[in-house]
file structure_0.txt (compact mmCIF, C-alpha atoms)
# COMPACT_ATOMS: atom_id res chain seq x y z
CA MET A 207 -20.46 50.74 15.74
CA SER A 208 -18.43 49.61 18.77
CA THR A 209 -14.67 49.24 18.91
CA SER A 210 -12.83 47.00 21.36
CA VAL A 211 -9.47 48.19 22.58
CA VAL A 212 -6.84 45.64 23.60
CA PRO A 213 -4.31 46.87 26.18
CA ARG A 214 -0.79 47.19 24.83
CA LYS A 215 0.68 44.45 27.10
CA LEU A 216 -2.08 42.00 26.26
CA ARG A 217 -1.81 42.94 22.59
CA GLY A 218 1.81 41.87 22.56
CA THR A 219 0.96 38.61 24.30
CA LEU A 220 -1.80 37.83 21.78
CA VAL A 221 0.54 38.48 18.87
CA ALA A 222 3.14 36.18 20.39
CA VAL A 223 0.56 33.42 20.96
CA SER A 224 -0.75 33.83 17.41
CA LEU A 225 2.73 33.60 15.92
CA ALA A 226 3.53 30.58 18.07
CA ALA A 227 0.34 28.81 16.97
CA THR A 228 1.07 29.59 13.33
CA PHE A 229 4.65 28.33 13.70
CA ASP A 230 3.51 25.15 15.47
CA GLY A 231 0.89 24.50 12.76
CA CYS A 232 3.39 25.00 9.95
CA PHE A 233 6.04 22.99 11.79
CA GLY A 234 3.57 20.16 12.47
CA SER A 235 2.53 20.13 8.81
CA ALA A 236 6.16 20.08 7.68
CA GLN A 237 6.91 17.26 10.11
CA ALA A 238 4.01 15.24 8.74
CA GLN A 239 5.18 15.79 5.17
CA ASP A 240 8.70 14.65 6.05
CA PHE A 241 7.34 11.78 8.13
CA TYR A 242 6.05 9.69 5.22
CA ALA A 243 9.26 9.79 3.15
CA GLY A 244 10.66 6.26 3.03
CA LYS A 245 7.80 4.86 5.11
CA GLN A 246 5.39 2.00 4.40
CA LEU A 247 1.66 2.71 4.68
CA THR A 248 -0.60 -0.25 5.48
CA ILE A 249 -4.29 -0.33 4.56
CA VAL A 250 -6.07 -3.05 6.51
CA VAL A 251 -9.15 -4.41 4.71
CA ALA A 252 -11.62 -5.96 7.14
CA ASN A 253 -12.86 -8.50 4.61
CA THR A 254 -11.66 -11.35 2.44
CA ALA A 255 -9.46 -10.97 -0.62
CA GLY A 256 -11.57 -10.51 -3.75
CA SER A 257 -14.55 -9.06 -1.88
CA GLY A 258 -16.13 -5.72 -2.71
CA TYR A 259 -14.39 -4.12 0.26
CA ASP A 260 -11.07 -5.56 -0.90
CA THR A 261 -11.66 -4.04 -4.36
CA TYR A 262 -12.15 -0.60 -2.82
CA GLY A 263 -9.15 -0.91 -0.52
CA ARG A 264 -6.80 -1.94 -3.31
CA LEU A 265 -8.13 0.76 -5.63
CA LEU A 266 -7.25 3.42 -3.05
CA ALA A 267 -3.90 1.75 -2.34
CA ARG A 268 -2.89 2.09 -5.99
CA HIS A 269 -3.46 5.85 -6.04
CA ILE A 270 -3.21 7.47 -2.61
CA SER A 271 0.59 7.49 -2.32
CA LYS A 272 1.09 10.09 -5.06
CA HIS A 273 -1.04 12.50 -3.00
CA ILE A 274 0.98 12.03 0.20
CA PRO A 275 4.16 14.11 0.56
CA GLY A 276 7.07 11.69 0.64
CA LYS A 277 5.16 9.14 -1.46
CA PRO A 278 5.29 6.14 0.92
CA THR A 279 4.90 2.62 -0.37
CA VAL A 280 1.41 1.23 0.25
CA ILE A 281 0.44 -2.36 1.03
CA VAL A 282 -2.93 -4.00 1.70
CA GLN A 283 -3.49 -6.48 4.51
CA ASN A 284 -6.72 -8.49 4.70
CA MET A 285 -8.13 -9.05 8.19
CA PRO A 286 -11.65 -10.54 7.98
CA GLY A 287 -13.55 -11.62 11.06
CA ALA A 288 -16.71 -10.96 13.10
CA GLY A 289 -18.23 -8.52 10.63
CA SER A 290 -15.17 -6.20 10.77
CA ILE A 291 -15.12 -6.11 14.57
CA LYS A 292 -11.78 -7.94 14.59
CA ALA A 293 -10.08 -5.36 12.35
CA THR A 294 -11.72 -2.40 14.11
CA ASP A 295 -10.50 -3.72 17.47
CA TYR A 296 -7.02 -4.14 15.98
CA THR A 297 -7.05 -0.58 14.66
CA PHE A 298 -8.16 0.91 17.97
CA ASN A 299 -5.90 -1.12 20.27
CA VAL A 300 -2.96 -2.71 18.41
CA ALA A 301 -2.16 -0.94 15.13
CA PRO A 302 0.68 1.59 15.00
CA LYS A 303 -0.67 4.96 16.12
CA ASP A 304 1.73 7.11 14.12
CA GLY A 305 -0.31 7.46 10.91
CA THR A 306 1.19 4.50 9.05
CA THR A 307 -1.86 2.24 9.36
CA PHE A 308 -5.55 2.73 8.70
CA THR A 309 -8.44 0.36 8.06
CA LEU A 310 -11.37 -0.10 5.69
CA ALA A 311 -14.15 -1.54 7.85
CA MET A 312 -17.80 -2.38 7.42
CA PRO A 313 -20.06 0.33 8.84
CA GLY A 314 -21.84 -2.28 10.95
CA ALA A 315 -18.75 -2.56 13.14
CA LEU A 316 -19.10 1.14 13.95
CA VAL A 317 -22.82 0.93 14.73
CA GLU A 318 -22.78 -2.47 16.46
CA PRO A 319 -21.59 -1.19 19.88
CA LEU A 320 -24.62 1.11 19.98
CA THR A 321 -26.97 -1.83 20.46
CA GLY A 322 -24.75 -4.71 21.53
CA ASP A 323 -23.23 -5.74 24.85
CA PRO A 324 -20.76 -2.93 25.64
CA THR A 325 -18.35 -5.36 27.33
CA LYS A 326 -17.88 -7.14 24.00
CA TYR A 327 -16.18 -4.20 22.29
CA ARG A 328 -12.78 -2.79 23.12
CA TYR A 329 -13.19 0.28 20.94
CA ASP A 330 -15.23 3.47 20.97
CA PRO A 331 -16.52 4.51 17.52
CA VAL A 332 -16.95 8.11 18.69
CA LYS A 333 -13.20 8.35 19.44
CA ILE A 334 -11.93 6.74 16.23
CA ALA A 335 -10.05 8.99 13.78
CA TYR A 336 -11.92 8.87 10.46
CA ILE A 337 -10.09 9.32 7.15
CA GLY A 338 -13.26 9.37 5.02
CA THR A 339 -15.57 7.06 3.09
CA MET A 340 -15.24 6.07 -0.55
CA ASP A 341 -18.94 5.42 -1.03
CA SER A 342 -22.28 6.52 0.39
CA GLY A 343 -25.04 4.56 -1.12
CA THR A 344 -27.74 1.96 -1.42
CA ARG A 345 -28.08 -1.58 -0.16
CA MET A 346 -30.35 -4.18 -1.67
CA CYS A 347 -31.97 -7.54 -0.98
CA MET A 348 -32.12 -10.15 -3.74
CA THR A 349 -32.90 -13.79 -4.23
CA ARG A 350 -31.00 -16.05 -6.59
CA PRO A 351 -31.98 -16.57 -10.22
CA GLY A 352 -34.77 -19.14 -10.33
CA SER A 353 -35.85 -18.67 -6.72
CA PRO A 354 -39.59 -18.95 -6.06
CA ILE A 355 -39.26 -15.88 -3.80
CA ARG A 356 -39.52 -13.15 -6.41
CA THR A 357 -41.06 -10.19 -4.57
CA MET A 358 -41.47 -8.69 -1.10
CA ASP A 359 -45.01 -10.10 -1.05
CA ASP A 360 -43.53 -13.57 -1.55
CA ALA A 361 -41.06 -12.92 1.28
CA ARG A 362 -43.94 -11.86 3.53
CA LYS A 363 -45.80 -15.12 2.88
CA ASN A 364 -42.94 -17.63 2.81
CA ARG A 365 -40.00 -18.50 5.03
CA THR A 366 -36.92 -17.38 3.10
CA ILE A 367 -33.36 -18.37 4.04
CA MET A 368 -30.84 -15.54 3.59
CA ALA A 369 -27.07 -16.05 3.87
CA ALA A 370 -24.91 -13.83 6.10
CA THR A 371 -21.35 -13.63 7.33
CA ALA A 372 -21.73 -12.87 11.04
CA ILE A 373 -23.92 -11.18 13.63
CA GLY A 374 -23.35 -7.46 13.29
CA SER A 375 -22.82 -7.56 9.54
CA SER A 376 -25.35 -5.81 7.32
CA ALA A 377 -26.22 -9.20 5.79
CA PHE A 378 -27.43 -10.23 9.26
CA ASP A 379 -28.89 -7.00 10.63
CA TYR A 380 -30.82 -5.88 7.56
CA PRO A 381 -33.03 -8.93 6.93
CA ASN A 382 -33.84 -9.02 10.64
CA PHE A 383 -34.91 -5.39 10.80
CA ILE A 384 -36.91 -5.78 7.55
CA ASN A 385 -38.74 -8.64 9.26
CA ALA A 386 -39.56 -6.26 12.13
CA VAL A 387 -40.80 -3.32 10.05
CA ALA A 388 -42.11 -4.95 6.86
CA GLY A 389 -43.41 -8.33 7.99
CA THR A 390 -41.09 -10.51 5.90
CA LYS A 391 -40.13 -14.03 7.00
CA PHE A 392 -36.38 -13.97 6.39
CA ASN A 393 -34.44 -16.65 8.26
CA VAL A 394 -30.78 -15.63 8.48
CA VAL A 395 -28.02 -18.26 8.38
CA THR A 396 -24.53 -17.05 9.39
CA GLY A 397 -21.02 -18.48 9.14
CA TYR A 398 -19.95 -17.60 5.60
CA PRO A 399 -16.49 -15.99 5.39
CA GLY A 400 -17.18 -13.20 2.90
CA PRO A 401 -19.53 -11.73 0.29
CA GLY A 402 -18.41 -14.11 -2.45
CA ASP A 403 -19.35 -17.04 -0.22
CA LEU A 404 -22.84 -15.59 0.26
CA PHE A 405 -23.46 -15.66 -3.48
CA LEU A 406 -22.10 -19.20 -3.71
CA ALA A 407 -24.39 -20.30 -0.87
CA ALA A 408 -27.40 -19.01 -2.79
CA GLU A 409 -26.26 -20.55 -6.06
CA ARG A 410 -25.72 -23.92 -4.34
CA GLY A 411 -29.23 -23.76 -2.92
CA GLU A 412 -28.14 -23.39 0.70
CA ALA A 413 -29.99 -20.07 0.80
CA GLU A 414 -32.49 -18.24 -1.35
CA GLY A 415 -30.49 -15.02 -1.45
CA LEU A 416 -28.79 -12.27 0.52
CA CYS A 417 -29.74 -8.93 1.95
CA GLY A 418 -28.09 -5.66 2.99
CA ILE A 419 -25.47 -5.87 0.23
CA GLU A 420 -24.25 -2.76 -1.62
CA LEU A 421 -24.87 -2.15 -5.31
CA SER A 422 -21.13 -2.07 -5.97
CA THR A 423 -20.71 -5.57 -4.51
CA TYR A 424 -23.40 -6.95 -6.81
CA SER A 425 -21.79 -5.14 -9.74
CA ALA A 426 -18.33 -6.49 -8.91
CA LEU A 427 -19.16 -10.07 -7.92
CA ARG A 428 -22.44 -10.95 -9.66
CA PRO A 429 -23.31 -8.40 -12.36
CA GLY A 430 -25.40 -11.10 -14.04
CA TRP A 431 -27.80 -11.03 -11.09
CA LEU A 432 -28.65 -7.43 -11.99
CA SER A 433 -29.27 -7.96 -15.69
CA GLY A 434 -29.06 -10.65 -18.33
CA GLU A 435 -30.53 -14.08 -18.86
CA LYS A 436 -29.86 -15.29 -15.29
CA LYS A 437 -31.11 -12.18 -13.53
CA GLY A 438 -31.89 -12.50 -9.84
CA ASN A 439 -35.06 -11.30 -8.15
CA ALA A 440 -35.05 -7.69 -6.91
CA LEU A 441 -36.81 -7.52 -3.55
CA VAL A 442 -36.08 -4.12 -2.01
CA GLN A 443 -33.59 -1.23 -1.88
CA LEU A 444 -32.52 0.45 1.34
CA GLY A 445 -31.23 3.99 1.72
CA LEU A 446 -32.12 7.37 3.14
CA GLU A 447 -33.03 8.42 -0.39
CA VAL A 448 -34.43 6.43 -3.30
CA ASN A 449 -31.67 5.57 -5.78
CA PRO A 450 -32.93 6.11 -9.38
CA ARG A 451 -30.40 3.69 -10.86
CA VAL A 452 -31.40 0.93 -8.43
CA THR A 453 -35.06 1.70 -9.10
CA GLU A 454 -34.42 1.14 -12.82
CA LEU A 455 -33.03 -2.29 -11.91
CA GLY A 456 -36.43 -3.15 -10.41
CA PHE A 457 -35.86 -2.61 -6.67
CA PRO A 458 -38.74 -0.88 -4.84
CA PRO A 459 -37.74 1.30 -1.86
CA ILE A 460 -38.16 0.10 1.72
CA TRP A 461 -40.38 3.13 2.32
CA ASP A 462 -43.12 1.42 0.29
CA PHE A 463 -43.37 -1.37 2.86
CA ILE A 464 -43.26 0.29 6.29
CA LYS A 465 -45.66 2.18 8.53
CA PRO A 466 -45.11 5.96 8.95
CA GLU A 467 -44.38 5.51 12.66
CA ASP A 468 -41.43 3.22 11.83
CA LYS A 469 -39.70 5.80 9.60
CA PRO A 470 -37.40 7.24 12.36
CA LEU A 471 -36.23 3.72 13.22
CA VAL A 472 -35.45 2.82 9.60
CA GLU A 473 -33.69 6.16 9.09
CA LEU A 474 -31.45 5.50 12.10
CA ILE A 475 -30.50 2.04 10.86
CA VAL A 476 -29.82 2.96 7.22
CA SER A 477 -27.97 6.20 8.08
CA GLN A 478 -24.82 4.07 8.42
CA GLN A 479 -24.89 3.73 4.64
CA VAL A 480 -23.73 7.33 4.36
CA PHE A 481 -20.33 5.93 5.42
CA GLN A 482 -20.62 2.73 3.42
CA ARG A 483 -16.87 2.25 2.84
CA PRO A 484 -15.32 3.95 5.90
CA PHE A 485 -11.59 4.25 6.47
CA LEU A 486 -10.53 4.66 10.09
CA ALA A 487 -7.32 5.22 11.98
CA PRO A 488 -6.34 4.84 15.64
CA ALA A 489 -7.73 7.53 17.92
CA GLU A 490 -4.21 8.60 18.86
CA THR A 491 -3.10 9.32 15.28
CA PRO A 492 -1.19 12.63 15.44
CA ALA A 493 -3.20 15.56 14.10
CA PRO A 494 -0.63 16.51 11.40
CA GLN A 495 -0.58 12.96 9.98
CA LEU A 496 -4.37 12.75 10.15
CA ARG A 497 -4.65 15.97 8.14
CA VAL A 498 -2.25 14.63 5.53
CA LEU A 499 -4.16 11.35 5.22
CA ARG A 500 -7.56 13.06 5.01
CA THR A 501 -6.30 15.48 2.36
CA ALA A 502 -4.64 12.70 0.35
CA PHE A 503 -7.77 10.54 0.61
CA MET A 504 -10.04 13.18 -0.91
CA ALA A 505 -7.42 14.10 -3.51
CA ALA A 506 -7.08 10.46 -4.57
CA LEU A 507 -10.84 10.24 -5.06
CA ARG A 508 -10.64 13.17 -7.47
CA ASP A 509 -7.67 11.63 -9.29
CA PRO A 510 -8.55 11.09 -12.99
CA GLU A 511 -6.65 7.79 -13.06
CA LEU A 512 -8.53 6.43 -10.05
CA LEU A 513 -11.85 7.63 -11.47
CA GLU A 514 -11.16 5.97 -14.81
CA GLU A 515 -10.21 2.71 -13.15
CA ALA A 516 -13.36 2.82 -10.99
CA LYS A 517 -15.50 3.44 -14.08
CA LYS A 518 -14.03 0.46 -15.91
CA SER A 519 -14.63 -1.73 -12.87
CA THR A 520 -18.18 -0.35 -12.29
CA ILE A 521 -17.20 0.74 -8.78
CA GLU A 522 -19.54 3.25 -7.16
CA LEU A 523 -17.83 6.33 -5.70
CA ASN A 524 -19.70 8.81 -3.52
CA PRO A 525 -16.98 10.01 -1.16
CA LYS A 526 -17.32 12.01 2.01
CA SER A 527 -14.60 13.52 4.17
CA GLY A 528 -13.35 12.23 7.50
CA GLU A 529 -14.93 15.23 9.21
CA GLU A 530 -18.33 14.36 7.72
CA VAL A 531 -18.08 10.72 8.79
CA GLU A 532 -17.00 11.73 12.28
CA ALA A 533 -19.97 14.11 12.63
CA LEU A 534 -22.47 11.45 11.50
CA VAL A 535 -21.10 8.80 13.87
CA LYS A 536 -21.48 11.24 16.76
CA LYS A 537 -25.03 12.05 15.63
CA ILE A 538 -25.97 8.35 15.53
CA TYR A 539 -24.58 7.81 19.03
CA GLY A 540 -26.53 10.83 20.21
CA ALA A 541 -29.90 9.34 19.16
CA PRO A 542 -32.63 9.06 21.85
CA LYS A 543 -32.30 5.93 24.00
CA SER A 544 -35.86 4.87 23.17
CA LEU A 545 -35.00 4.81 19.46
CA ILE A 546 -31.74 2.95 20.09
CA ASP A 547 -33.67 0.35 22.10
CA GLN A 548 -36.06 -0.09 19.16
CA MET A 549 -33.10 -0.55 16.85
CA ALA A 550 -31.56 -3.18 19.11
CA LYS A 551 -34.81 -5.14 19.21
CA ALA A 552 -35.22 -4.94 15.43
CA ILE A 553 -31.78 -6.21 14.48
CA ARG A 554 -31.45 -8.69 17.37
CA PRO A 555 -34.83 -10.44 17.54

call {"tool": "encode", "arguments": {"input": "structure_0.txt", "output": "structure tokens"}}
result
Amino acid sequence: MSTSVVPRKLRGTLVAVSLAATFDGCFGSAQAQDFYAGKQLTIVVANTAGSGYDTYGRLLARHISKHIPGKPTVIVQNMPGAGSIKATDYTFNVAPKDGTTFTLAMPGALVEPLTGDPTKYRYDPVKIAYIGTMDSGTRMCMTRPGSPIRTMDDARKNRTIMAATAIGSSAFDYPNFINAVAGTKFNVVTGYPGPGDLFLAAERGEAEGLCGIELSTYSALRPGWLSGEKKGNALVQLGLEVNPRVTELGFPPIWDFIKPEDKPLVELIVSQQVFQRPFLAPAETPAPQLRVLRTAFMAALRDPELLEEAKKSTIELNPKSGEEVEALVKKIYGAPKSLIDQMAKAIRP
């Protein structure tokens, strides 16, 4: 066994540095705890009022304050636009950078710069401060009740109009990449403000259905599409893993429809679903405030009152920490260029 000996002078210096670091850490934590007393915390929701994202944002808003020292008041501000790019840009460049504002965005806004024109985006997803995600889950494609497009085989044989909000949203990207890897004939029509409008478009006959939408959004906005007399048509489920509950609802996994050589591409695209409801803060958010927000976020998602409310509202909760989201975003941006080029071609035909 070897023993390292630290010279007496250096030993004293190390002790002093250690004590200083400990003091600074404790002082920073205390400052952060005092900081939120009497403050207002704003949660920006990058989608329309009444949408699935709005439901998640307001659920967190009702419970997170009691887990933040100082118990700040919490308000929700809706900021839809460009598939969450507008709100993500605001968060990165305009929002207060002191820990009083953070945003619930669509994951597509975080992946979009990977394949889009880099001059279009004024934010860097790798530098964003992540608070965590409330859900990690499964997306699905469905057609409206009564549609003649009832299966993936039908969608492979017939041109099928699918409604979407904007380029860069999952409702746009997912049907396009399914066309590329599974041979479907989805034709995507954009311009609808939010998820509720997508369902209305299908019900009015403007589209056959919608794609790339989370289970929780179906459950919140159109539970009747999942079961009942006016059940919609289950085409496919998308996720890194097969979801047993979604399988019971009749959705076959995307893996049944692709070639083995396309698996890495599909995995890269659907990996964003691990952070399906991501909350992000400005990159410059002070470390002590970021720690407080991350801790409060995870504590709120263990809160019995929040869990009971989510259960009553059939809201899916599969949370992951800010550190986990940050690591995955960095991993996605570290993918081989050849695979990223494939992804760009698949979602932007």

call {"tool": "closest_atom_pairs", "arguments": {"input": "structure_0.txt", "of": "stretch 328-396 of chain A", "to": "stretch 409-415 of chain A", "cutoff": "6 Å", "atoms": "only C-alpha atoms", "output": "JSON lines"}}
result
{"residue": "A:Met348", "atom": "CA", "partner": "A:Gly415", "partner_atom": "CA", "distance": 5.6}
{"residue": "A:Thr349", "atom": "CA", "partner": "A:Gly415", "partner_atom": "CA", "distance": 3.9}
{"residue": "A:Arg350", "atom": "CA", "partner": "A:Gly415", "partner_atom": "CA", "distance": 5.3}
{"residue": "A:Ile367", "atom": "CA", "partner": "A:Ala413", "partner_atom": "CA", "distance": 5.0}
{"residue": "A:Met368", "atom": "CA", "partner": "A:Gly415", "partner_atom": "CA", "distance": 5.1}
{"residue": "A:Ala369", "atom": "CA", "partner": "A:Ala413", "partner_atom": "CA", "distance": 5.8}

call {"tool": "residues_around", "arguments": {"input": "structure_0.txt", "residues": "A:Gly276", "least_positions_apart": "6", "cutoff": "9 Å", "atoms": "only C-alpha atoms", "output": "VMD selection string"}}
result
chain A and resid 239 to 245

call {"tool": "write_last_selection", "arguments": {"input": "structure_0.txt", "atoms": "C-alpha atoms", "output": "mmCIF file, keeping the file's coordinate frame"}}
result
data_model
loop_
_atom_site.group_PDB
_atom_site.id
_atom_site.type_symbol
_atom_site.label_atom_id
_atom_site.label_comp_id
_atom_site.auth_asym_id
_atom_site.auth_seq_id
_atom_site.Cartn_x
_atom_site.Cartn_y
_atom_site.Cartn_z
ATOM 1 C CA GLN A 239 5.180 15.790 5.170
ATOM 2 C CA ASP A 240 8.700 14.650 6.050
ATOM 3 C CA PHE A 241 7.340 11.780 8.130
ATOM 4 C CA TYR A 242 6.050 9.690 5.220
ATOM 5 C CA ALA A 243 9.260 9.790 3.150
ATOM 6 C CA GLY A 244 10.660 6.260 3.030
ATOM 7 C CA LYS A 245 7.800 4.860 5.110
#

call {"tool": "residues_around", "arguments": {"input": "structure_0.txt", "residues": "stretch 472-489 of chain A", "least_positions_apart": "5", "cutoff": "6 Å", "atoms": "all atoms listed in the file", "output": "mmCIF file with C-alpha atoms, in the frame of the given file"}}
result
data_model
loop_
_atom_site.group_PDB
_atom_site.id
_atom_site.type_symbol
_atom_site.label_atom_id
_atom_site.label_comp_id
_atom_site.auth_asym_id
_atom_site.auth_seq_id
_atom_site.Cartn_x
_atom_site.Cartn_y
_atom_site.Cartn_z
ATOM 1 C CA THR A 297 -7.050 -0.580 14.660
ATOM 2 C CA PHE A 298 -8.160 0.910 17.970
ATOM 3 C CA LYS A 303 -0.670 4.960 16.120
ATOM 4 C CA PHE A 308 -5.550 2.730 8.700
ATOM 5 C CA THR A 309 -8.440 0.360 8.060
ATOM 6 C CA LEU A 310 -11.370 -0.100 5.690
ATOM 7 C CA ALA A 311 -14.150 -1.540 7.850
ATOM 8 C CA PRO A 313 -20.060 0.330 8.840
ATOM 9 C CA LYS A 333 -13.200 8.350 19.440
ATOM 10 C CA ILE A 334 -11.930 6.740 16.230
ATOM 11 C CA ALA A 335 -10.050 8.990 13.780
ATOM 12 C CA TYR A 336 -11.920 8.870 10.460
ATOM 13 C CA ILE A 337 -10.090 9.320 7.150
ATOM 14 C CA GLY A 338 -13.260 9.370 5.020
ATOM 15 C CA THR A 339 -15.570 7.060 3.090
ATOM 16 C CA MET A 340 -15.240 6.070 -0.550
ATOM 17 C CA ASP A 341 -18.940 5.420 -1.030
ATOM 18 C CA SER A 342 -22.280 6.520 0.390
ATOM 19 C CA GLY A 343 -25.040 4.560 -1.120
ATOM 20 C CA GLY A 445 -31.230 3.990 1.720
#

call {"tool": "residues_near_point", "arguments": {"input": "structure_0.txt", "point": "(-28.6, -11.1, 17.3)", "cutoff": "9 Å", "atoms": "all atoms listed in the file", "output": "PyMOL selection string"}}
result
chain A and resi 322+373-374+378-379+382+550-551+553-555

call {"tool": "residues_around", "arguments": {"input": "structure_0.txt", "residues": "A:Leu441", "least_positions_apart": "3", "cutoff": "10 Å", "atoms": "all atoms listed in the file", "output": "PDB file with C-alpha atoms, keeping the file's coordinate frame"}}
result
ATOM      1  CA  MET A 346     -30.350  -4.180  -1.670  1.00  0.00           C
ATOM      2  CA  CYS A 347     -31.970  -7.540  -0.980  1.00  0.00           C
ATOM      3  CA  MET A 348     -32.120 -10.150  -3.740  1.00  0.00           C
ATOM      4  CA  THR A 349     -32.900 -13.790  -4.230  1.00  0.00           C
ATOM      5  CA  ILE A 355     -39.260 -15.880  -3.800  1.00  0.00           C
ATOM      6  CA  ARG A 356     -39.520 -13.150  -6.410  1.00  0.00           C
ATOM      7  CA  THR A 357     -41.060 -10.190  -4.570  1.00  0.00           C
ATOM      8  CA  MET A 358     -41.470  -8.690  -1.100  1.00  0.00           C
ATOM      9  CA  ASP A 359     -45.010 -10.100  -1.050  1.00  0.00           C
ATOM     10  CA  ASP A 360     -43.530 -13.570  -1.550  1.00  0.00           C
ATOM     11  CA  ALA A 361     -41.060 -12.920   1.280  1.00  0.00           C
ATOM     12  CA  CYS A 417     -29.740  -8.930   1.950  1.00  0.00           C
ATOM     13  CA  GLY A 438     -31.890 -12.500  -9.840  1.00  0.00           C
ATOM     14  CA  GLY A 456     -36.430  -3.150 -10.410  1.00  0.00           C
ATOM     15  CA  PHE A 457     -35.860  -2.610  -6.670  1.00  0.00           C
ATOM     16  CA  PRO A 458     -38.740  -0.880  -4.840  1.00  0.00           C
ATOM     17  CA  PRO A 459     -37.740   1.300  -1.860  1.00  0.00           C
ATOM     18  CA  ILE A 460     -38.160   0.100   1.720  1.00  0.00           C
TER      19      ILE A 460
END

call {"tool": "axis_aligned_box", "arguments": {"input": "structure_0.txt", "around": "stretch 428-433 of chain A", "padding_each_side": "5 Å", "output": "lines of an AutoDock Vina configuration file"}}
result
center_x = -25.9
center_y = -9.3
center_z = -12.7
size_x = 16.8
size_y = 13.7
size_z = 16.0

call {"tool": "atom_distance", "arguments": {"input": "structure_0.txt", "atom1": "atom CA of A:Val250", "atom2": "atom CA of A:Glu532"}}
result
19.3 Å

call {"tool": "atom_distance", "arguments": {"input": "structure_0.txt", "atom1": "atom CA of A:Lys391", "atom2": "atom CA of A:Arg345"}}
result
18.7 Å

call {"tool": "closest_residue", "arguments": {"input": "structure_0.txt", "among": "A:Met285, A:Leu499, A:Val280, A:Ala388", "to": "A:Lys465", "atoms": "all atoms listed in the file"}}
result
A:Ala388

call {"tool": "atom_distance", "arguments": {"input": "structure_0.txt", "atom1": "atom CA of A:Glu529", "atom2": "atom CA of A:Ile270"}}
result
18.4 Å

call {"tool": "closest_residue", "arguments": {"input": "structure_0.txt", "among": "A:Pro510, A:Pro399, A:Pro286, A:Pro494", "to": "A:Gly305", "atoms": "all atoms listed in the file"}}
result
A:Pro494

call {"tool": "closest_residue", "arguments": {"input": "structure_0.txt", "among": "A:Ile419, A:Leu316, A:Leu471, A:Leu496", "to": "A:Leu446", "atoms": "only C-alpha atoms"}}
result
A:Leu471

call {"tool": "closest_residue", "arguments": {"input": "structure_0.txt", "among": "A:Thr344, A:Ser271, A:Asn253, A:Thr423", "to": "A:Ala506", "atoms": "only C-alpha atoms"}}
result
A:Ser271

call {"tool": "closest_residue", "arguments": {"input": "structure_0.txt", "among": "A:Thr321, A:Phe463, A:Val282, A:Gly314", "to": "A:Gln443", "atoms": "all atoms listed in the file"}}
result
A:Phe463

call {"tool": "residues_around", "arguments": {"input": "structure_0.txt", "residues": "A:His269", "least_positions_apart": "4", "cutoff": "9 Å", "atoms": "all atoms listed in the file", "output": "list in words"}}
result
Arg264, Leu265, His273, Ala506, Leu507, Asp509, Glu511 and Leu512 of chain A

call {"tool": "closest_residue", "arguments": {"input": "structure_0.txt", "among": "A:Val251, A:Ala386, A:Ala315, A:Ile274", "to": "A:Ala505", "atoms": "only C-alpha atoms"}}
result
A:Ile274

call {"tool": "residues_around", "arguments": {"input": "structure_0.txt", "residues": "A:Trp431", "least_positions_apart": "2", "cutoff": "10 Å", "atoms": "only C-alpha atoms", "output": "PyMOL selection string"}}
result
chain A and resi 348-351+405+424-425+427-429+433-440

call {"tool": "decode", "arguments": {"input": "structure_0.txt", "residues": "stretch 524-547 of chain A", "atoms": "C-alpha atoms", "output": "compact mmCIF listing (two decimals), in the first residue's frame"}}
result
# COMPACT_ATOMS: atom_id res chain seq x y z
CA ASN A 524 -42.05 9.90 -16.22
CA PRO A 525 -39.69 12.58 -14.93
CA LYS A 526 -35.97 12.90 -15.43
CA SER A 527 -33.56 15.35 -13.84
CA GLY A 528 -32.00 18.38 -15.48
CA GLU A 529 -28.63 16.64 -15.42
CA GLU A 530 -30.08 13.68 -17.36
CA VAL A 531 -31.68 15.92 -19.97
CA GLU A 532 -28.47 17.91 -20.35
CA ALA A 533 -26.43 14.73 -20.89
CA LEU A 534 -28.84 13.41 -23.54
CA VAL A 535 -28.91 16.68 -25.48
CA LYS A 536 -25.10 16.65 -25.59
CA LYS A 537 -25.16 13.02 -26.75
CA ILE A 538 -27.60 13.83 -29.58
CA TYR A 539 -25.43 16.73 -30.74
CA GLY A 540 -22.42 14.44 -30.64
CA ALA A 541 -23.94 11.97 -33.14
CA PRO A 542 -21.90 11.18 -36.30
CA LYS A 543 -22.37 13.76 -39.07
CA SER A 544 -23.43 11.05 -41.54
CA LEU A 545 -26.32 10.08 -39.25
CA ILE A 546 -27.30 13.70 -38.69
CA ASP A 547 -27.36 14.22 -42.47
